[in-house]
Amino acid sequence: MKTIYLILNVSLLITSHNQLLAISDPDGKSADMSRPVQVFIIMGQSNTLEMGKVKGDKEGSLEYAVKKEKLYPFMVDEAGVWTSRKDVRNVHTQGSGGPDGRGGVRRNDWLTVSSSKIGIEQGIGHQLGNAYDEPILILKSSIGNRSLGWDLLPPGSPRHEVETTDKKTGKKVTLVTPAHNDEVRHPSWTKGDTPEPPSHTWHAGLQYLGDVARAKKVLSELDKHYPGATKYEVAGFLWWQGDKDRYNEAHSTVYGKNLKQLFKELRKEFNAPKAKMVVATLGQTKKETATGNEKLILDGMFAFGDSHKGEVAVVYTNPISMGSSSNAHYGGNAKTYMNVGLLMGNAMVALLKK
């Protein structure tokens, strides 16, 4: 077994302490099944899905990164075949809307490259599998085009009032965001107006309820998704989201508050009072030049992390994103998804080891 050291320096900003990550080739061995399965739940919107392209002999594909650039050597064995971790299970469940929405399990296998796209679960899973002897379950429950301030709004979220300036009139106005379960047509409205009723059966937080319910269903059938497993505990949550919220000033302004409520509710939902959380920023947003709604979201993420030190880590992804933006899925560049996943996984390991 060879050990690969990835030098994570200031220019990449993969960690804030210039540390080395030791990532070993998977040894093909099963985890210690006498221990509970450690569950890590990925939630968010489309950037959490498999968007990084695998095949191709040009910059941006995983094959090019591994074979030509000699990156991520733990992803292939000595014969150049994609490795498979027998200690990390990779499950993705997806559906639109609430618990009764159409959908179900789309992926249920050992962590490997088995399709034309990859997501952040690759880097996350290799980091966690490398760090622990316990069986690891990466459980993704997410779908695209969802906002934290509306679709994924967690229970207990109140209405918020946001002071702003109307861009057309230049006058001061107050925007109102919905509370969880509000049945209104629009995700925000001007204070004093009567919110319109919904045009279809959707309410604030419906996608949150559905994503949580689908994750719980997977866990209720644990042996079906992690063969031989009889017990589990939810150890952490991983969140990469914010793209849809950046089109709504009110949602962007209260993003940090909504994250705080999300963390609180997820711990309660999964009976995991000590679970940690890792949040990744939008790759195109730079600390030094961020403006408008993207700055509000970035600031909200860092404020959330600062208020939960030791429990939450915020991963600044701009230096390790390979171009493009969140609404374009970073051009499908596999290195973005590998880098972000590796960094999120490393951040989770660091939180748990504290």
# chains A, B, ... in the order shown; residues from 1 in each chain; ligands from 1

$ residues_around --residues "Ala347 in chain A" --least-positions-apart "3" --cutoff "9 Å" --atoms "only C-alpha atoms" --output "PDB file with N, CA, C and O atoms, in the first residue's frame"
ATOM      1  N   THR A  15      -6.275  23.858   3.488  1.00  0.00           N
ATOM      2  CA  THR A  15      -6.469  23.981   4.925  1.00  0.00           C
ATOM      3  C   THR A  15      -5.871  25.295   5.353  1.00  0.00           C
ATOM      4  O   THR A  15      -5.110  25.913   4.633  1.00  0.00           O
ATOM      5  N   VAL A 278     -20.140  20.424   8.223  1.00  0.00           N
ATOM      6  CA  VAL A 278     -19.196  21.110   7.345  1.00  0.00           C
ATOM      7  C   VAL A 278     -19.994  21.793   6.241  1.00  0.00           C
ATOM      8  O   VAL A 278     -20.830  21.174   5.584  1.00  0.00           O
ATOM      9  N   VAL A 312     -18.698  23.221  13.900  1.00  0.00           N
ATOM     10  CA  VAL A 312     -18.931  23.534  12.490  1.00  0.00           C
ATOM     11  C   VAL A 312     -17.626  23.993  11.855  1.00  0.00           C
ATOM     12  O   VAL A 312     -16.855  24.736  12.470  1.00  0.00           O
ATOM     13  N   ALA A 313     -17.390  23.554  10.637  1.00  0.00           N
ATOM     14  CA  ALA A 313     -16.268  24.050   9.847  1.00  0.00           C
ATOM     15  C   ALA A 313     -16.811  24.604   8.537  1.00  0.00           C
ATOM     16  O   ALA A 313     -17.702  24.004   7.921  1.00  0.00           O
ATOM     17  N   VAL A 314     -16.293  25.751   8.125  1.00  0.00           N
ATOM     18  CA  VAL A 314     -16.683  26.355   6.852  1.00  0.00           C
ATOM     19  C   VAL A 314     -15.502  26.253   5.894  1.00  0.00           C
ATOM     20  O   VAL A 314     -14.411  26.741   6.187  1.00  0.00           O
ATOM     21  N   VAL A 315     -15.719  25.612   4.770  1.00  0.00           N
ATOM     22  CA  VAL A 315     -14.680  25.386   3.776  1.00  0.00           C
ATOM     23  C   VAL A 315     -14.771  26.469   2.707  1.00  0.00           C
ATOM     24  O   VAL A 315     -15.801  26.607   2.041  1.00  0.00           O
ATOM     25  N   LEU A 342     -12.512  16.498  -0.991  1.00  0.00           N
ATOM     26  CA  LEU A 342     -11.366  16.193  -0.134  1.00  0.00           C
ATOM     27  C   LEU A 342     -11.260  17.180   1.021  1.00  0.00           C
ATOM     28  O   LEU A 342     -10.994  16.804   2.165  1.00  0.00           O
ATOM     29  N   LEU A 343     -11.491  18.445   0.724  1.00  0.00           N
ATOM     30  CA  LEU A 343     -11.399  19.455   1.766  1.00  0.00           C
ATOM     31  C   LEU A 343     -12.527  19.329   2.788  1.00  0.00           C
ATOM     32  O   LEU A 343     -12.311  19.453   3.991  1.00  0.00           O
ATOM     33  N   MET A 344     -13.735  19.054   2.309  1.00  0.00           N
ATOM     34  CA  MET A 344     -14.860  18.869   3.234  1.00  0.00           C
ATOM     35  C   MET A 344     -14.636  17.637   4.113  1.00  0.00           C
ATOM     36  O   MET A 344     -14.907  17.660   5.318  1.00  0.00           O
ATOM     37  N   ALA A 350     -11.228  16.516  11.051  1.00  0.00           N
ATOM     38  CA  ALA A 350     -10.626  17.410  12.052  1.00  0.00           C
ATOM     39  C   ALA A 350     -11.626  17.756  13.155  1.00  0.00           C
ATOM     40  O   ALA A 350     -11.267  17.779  14.343  1.00  0.00           O
ATOM     41  N   LEU A 351     -12.880  18.008  12.791  1.00  0.00           N
ATOM     42  CA  LEU A 351     -13.897  18.303  13.804  1.00  0.00           C
ATOM     43  C   LEU A 351     -14.124  17.116  14.730  1.00  0.00           C
ATOM     44  O   LEU A 351     -14.208  17.268  15.952  1.00  0.00           O
ATOM     45  N   LEU A 352     -14.239  15.928  14.143  1.00  0.00           N
ATOM     46  CA  LEU A 352     -14.525  14.737  14.954  1.00  0.00           C
ATOM     47  C   LEU A 352     -13.350  14.379  15.866  1.00  0.00           C
ATOM     48  O   LEU A 352     -13.559  13.903  16.992  1.00  0.00           O
TER      49      LEU A 352
END

$ closest_atom_pairs --of "range 116-154 of chain A" --to "range 231-240 of chain A" --cutoff "12 Å" --atoms "only C-alpha atoms" --output "CSV"
residue,atom,partner,partner_atom,distance
A:Gly119,CA,A:Trp240,CA,11.3
A:Ile120,CA,A:Trp240,CA,9.4
A:Glu121,CA,A:Leu238,CA,9.8
A:Ile124,CA,A:Leu238,CA,9.2
A:Gly125,CA,A:Leu238,CA,11.7
A:Leu128,CA,A:Gly236,CA,11.0
A:Glu134,CA,A:Tyr232,CA,10.2
A:Pro135,CA,A:Tyr232,CA,9.1
A:Ile136,CA,A:Tyr232,CA,9.4
A:Leu137,CA,A:Tyr232,CA,9.1
A:Ile138,CA,A:Phe237,CA,9.8
A:Leu139,CA,A:Phe237,CA,9.5
A:Lys140,CA,A:Leu238,CA,9.1
A:Ser141,CA,A:Leu238,CA,10.7
A:Ser142,CA,A:Trp239,CA,10.1
A:Ile143,CA,A:Trp240,CA,11.8
A:Gly144,CA,A:Trp240,CA,11.5
A:Arg146,CA,A:Trp240,CA,11.6
A:Ser147,CA,A:Trp240,CA,11.3
A:Leu148,CA,A:Trp239,CA,10.7
A:Leu152,CA,A:Trp239,CA,11.7

$ closest_residue --among "A:Ser115, A:Ser84, A:Glu249, A:Asp193" --to "Thr164 in chain A" --atoms "only C-alpha atoms"
A:Glu249

$ closest_residue --among "A:Ala272, A:Met338, A:Met277, A:Val91" --to "Arg107 in chain A" --atoms "only C-alpha atoms"
A:Val91

$ closest_atom_pairs --of "range 12-130 of chain A" --to "range 250-269 of chain A" --cutoff "12 Å" --atoms "only C-alpha atoms" --output "tab-separated table"
residue	atom	partner	partner_atom	distance
A:Phe40	CA	A:Leu266	CA	11.8
A:Ile41	CA	A:Leu266	CA	9.8
A:Ile42	CA	A:Leu266	CA	11.4
A:Met43	CA	A:Leu266	CA	10.5
A:Gly44	CA	A:Leu262	CA	11.2

$ residues_around --residues "Pro26 in chain A" --least-positions-apart "5" --cutoff "9 Å" --atoms "only C-alpha atoms" --output "list in words"
Met1, Phe74, Met75, Asp77, Thr83, Ser84, Arg85, Lys86, Asp87, His126, Gly129 and Asn130 of chain A

$ write_last_selection --atoms "C-alpha atoms" --output "PDB file, in the first residue's frame"
ATOM      1  CA  MET A   1       0.000   0.000   0.000  1.00  0.00           C
ATOM      2  CA  PHE A  74      -5.605   6.711  -4.559  1.00  0.00           C
ATOM      3  CA  MET A  75      -8.439   6.711  -7.116  1.00  0.00           C
ATOM      4  CA  ASP A  77      -4.843   0.829  -8.501  1.00  0.00           C
ATOM      5  CA  THR A  83     -10.330   1.608  -6.823  1.00  0.00           C
ATOM      6  CA  SER A  84     -13.272   0.516  -4.709  1.00  0.00           C
ATOM      7  CA  ARG A  85     -13.553   1.057  -0.974  1.00  0.00           C
ATOM      8  CA  LYS A  86     -15.136  -1.860   0.870  1.00  0.00           C
ATOM      9  CA  ASP A  87     -15.331   0.210   4.053  1.00  0.00           C
ATOM     10  CA  HIS A 126     -11.838   8.617   0.856  1.00  0.00           C
ATOM     11  CA  GLY A 129     -12.506   5.812   5.073  1.00  0.00           C
ATOM     12  CA  ASN A 130      -8.821   6.603   5.413  1.00  0.00           C
TER      13      ASN A 130
END

$ select_by_dssp --residues "range 136-228 of chain A" --states "strand (DSSP E)" --output "number ranges by chain"
A: 136-141, 160-165, 172-177, 189-190

$ closest_residue --among "A:Gly97, A:Leu219, A:Ala290, A:Gly156" --to "Thr201 in chain A" --atoms "only C-alpha atoms"
A:Gly97

$ closest_residue --among "A:Lys309, A:Arg159, A:Lys117, A:Lys216" --to "Trp189 in chain A" --atoms "only C-alpha atoms"
A:Arg159

$ atom_distance --atom1 "CA of Tyr226 in chain A" --atom2 "CA of Val349 in chain A"
21.1 Å

$ select_by_dssp --residues "range 173-302 of chain A" --states "alpha helix (DSSP H)" --output "PyMOL selection string"
chain A and resi 206-220+222-225+249-253+255-269+292-302

$ atom_distance --atom1 "CA of Ala280 in chain A" --atom2 "CA of Gln122 in chain A"
15.3 Å

$ residues_around --residues "Asn333 in chain A" --least-positions-apart "5" --cutoff "9 Å" --atoms "only C-alpha atoms" --output "MDAnalysis selection string"
chainID A and resid 51:54 59:62 321:324

$ closest_residue --among "A:Ser307, A:Ile118, A:Met348, A:Tyr64" --to "Asn90 in chain A" --atoms "only C-alpha atoms"
A:Ile118

$ atom_distance --atom1 "CA of Gly205 in chain A" --atom2 "CA of Gly98 in chain A"
8.6 Å

$ closest_residue --among "A:Pro319, A:Trp110, A:Ala131, A:Arg35" --to "Ile23 in chain A" --atoms "only C-alpha atoms"
A:Ala131

$ residues_around --residues "Asp299 in chain A" --least-positions-apart "2" --cutoff "12 Å" --atoms "only C-alpha atoms" --output "MDAnalysis selection string"
chainID A and resid 242 252:257 259 281:282 285:288 290:297 301:306 314 316

$ write_last_selection --atoms "N, CA and C atoms" --output "CSV table (one decimal), in the first residue's frame"
chain,number,residue,atom,x,y,z
A,242,GLY,N,-26.5,27.3,-1.8
A,242,GLY,CA,-26.5,28.7,-1.7
A,242,GLY,C,-26.7,29.4,-3.1
A,252,SER,N,-30.6,35.8,1.0
A,252,SER,CA,-29.2,36.0,1.2
A,252,SER,C,-28.9,36.7,2.5
A,253,THR,N,-29.7,37.6,2.9
A,253,THR,CA,-29.4,38.4,4.1
A,253,THR,C,-29.5,37.5,5.4
A,254,VAL,N,-30.5,36.6,5.4
A,254,VAL,CA,-30.7,35.8,6.5
A,254,VAL,C,-30.1,34.4,6.4
A,255,TYR,N,-29.2,34.2,5.4
A,255,TYR,CA,-28.7,32.9,5.2
A,255,TYR,C,-28.0,32.3,6.4
A,256,GLY,N,-27.2,33.0,7.1
A,256,GLY,CA,-26.6,32.5,8.3
A,256,GLY,C,-27.5,32.1,9.4
A,257,LYS,N,-28.6,32.9,9.6
A,257,LYS,CA,-29.6,32.5,10.6
A,257,LYS,C,-30.3,31.2,10.2
A,259,LEU,N,-29.0,28.8,8.4
A,259,LEU,CA,-28.0,27.7,8.6
A,259,LEU,C,-28.0,27.3,10.0
A,281,THR,N,-18.4,26.9,0.8
A,281,THR,CA,-18.9,28.2,0.1
A,281,THR,C,-19.0,28.0,-1.4
A,282,LEU,N,-19.7,28.9,-2.0
A,282,LEU,CA,-19.8,28.9,-3.5
A,282,LEU,C,-18.4,29.2,-4.1
A,285,THR,N,-17.2,32.8,-5.4
A,285,THR,CA,-17.2,33.9,-4.5
A,285,THR,C,-15.9,34.1,-3.8
A,286,LYS,N,-15.2,35.2,-4.1
A,286,LYS,CA,-14.0,35.5,-3.5
A,286,LYS,C,-14.2,36.4,-2.2
A,287,LYS,N,-13.5,36.1,-1.2
A,287,LYS,CA,-13.6,36.9,0.0
A,287,LYS,C,-13.2,38.4,-0.2
A,288,GLU,N,-12.2,38.6,-1.0
A,288,GLU,CA,-11.7,40.0,-1.2
A,288,GLU,C,-12.6,40.9,-2.0
A,290,ALA,N,-16.0,40.0,-3.0
A,290,ALA,CA,-17.5,39.6,-3.0
A,290,ALA,C,-18.3,40.8,-2.8
A,291,THR,N,-19.4,40.8,-3.5
A,291,THR,CA,-20.4,41.9,-3.4
A,291,THR,C,-21.8,41.4,-3.4
A,292,GLY,N,-22.8,42.2,-3.0
A,292,GLY,CA,-24.2,41.9,-3.2
A,292,GLY,C,-24.6,40.6,-2.4
A,293,ASN,N,-25.5,39.9,-3.1
A,293,ASN,CA,-26.0,38.7,-2.4
A,293,ASN,C,-25.0,37.6,-2.1
A,294,GLU,N,-24.0,37.5,-3.0
A,294,GLU,CA,-23.0,36.5,-2.8
A,294,GLU,C,-22.2,36.8,-1.6
A,295,LYS,N,-21.9,38.1,-1.3
A,295,LYS,CA,-21.2,38.5,-0.1
A,295,LYS,C,-22.0,38.2,1.1
A,296,LEU,N,-23.3,38.5,1.0
A,296,LEU,CA,-24.2,38.2,2.2
A,296,LEU,C,-24.2,36.7,2.5
A,297,ILE,N,-24.2,35.9,1.5
A,297,ILE,CA,-24.2,34.4,1.8
A,297,ILE,C,-22.9,34.0,2.4
A,301,MET,N,-22.3,32.4,6.1
A,301,MET,CA,-21.7,31.1,6.3
A,301,MET,C,-20.6,31.2,7.4
A,302,PHE,N,-19.7,32.2,7.2
A,302,PHE,CA,-18.6,32.4,8.1
A,302,PHE,C,-19.1,32.8,9.5
A,303,ALA,N,-20.2,33.6,9.6
A,303,ALA,CA,-20.7,34.0,10.9
A,303,ALA,C,-21.3,32.7,11.6
A,304,PHE,N,-21.9,31.9,10.8
A,304,PHE,CA,-22.4,30.6,11.4
A,304,PHE,C,-21.3,29.8,11.9
A,305,GLY,N,-20.2,29.6,11.2
A,305,GLY,CA,-19.1,28.9,11.6
A,305,GLY,C,-18.5,29.5,12.9
A,306,ASP,N,-18.3,30.8,12.9
A,306,ASP,CA,-17.7,31.5,14.1
A,306,ASP,C,-18.5,31.3,15.3
A,314,VAL,N,-16.3,25.8,8.1
A,314,VAL,CA,-16.7,26.4,6.9
A,314,VAL,C,-15.5,26.3,5.9
A,316,TYR,N,-13.7,27.2,2.6
A,316,TYR,CA,-13.6,28.3,1.6
A,316,TYR,C,-13.1,27.7,0.3
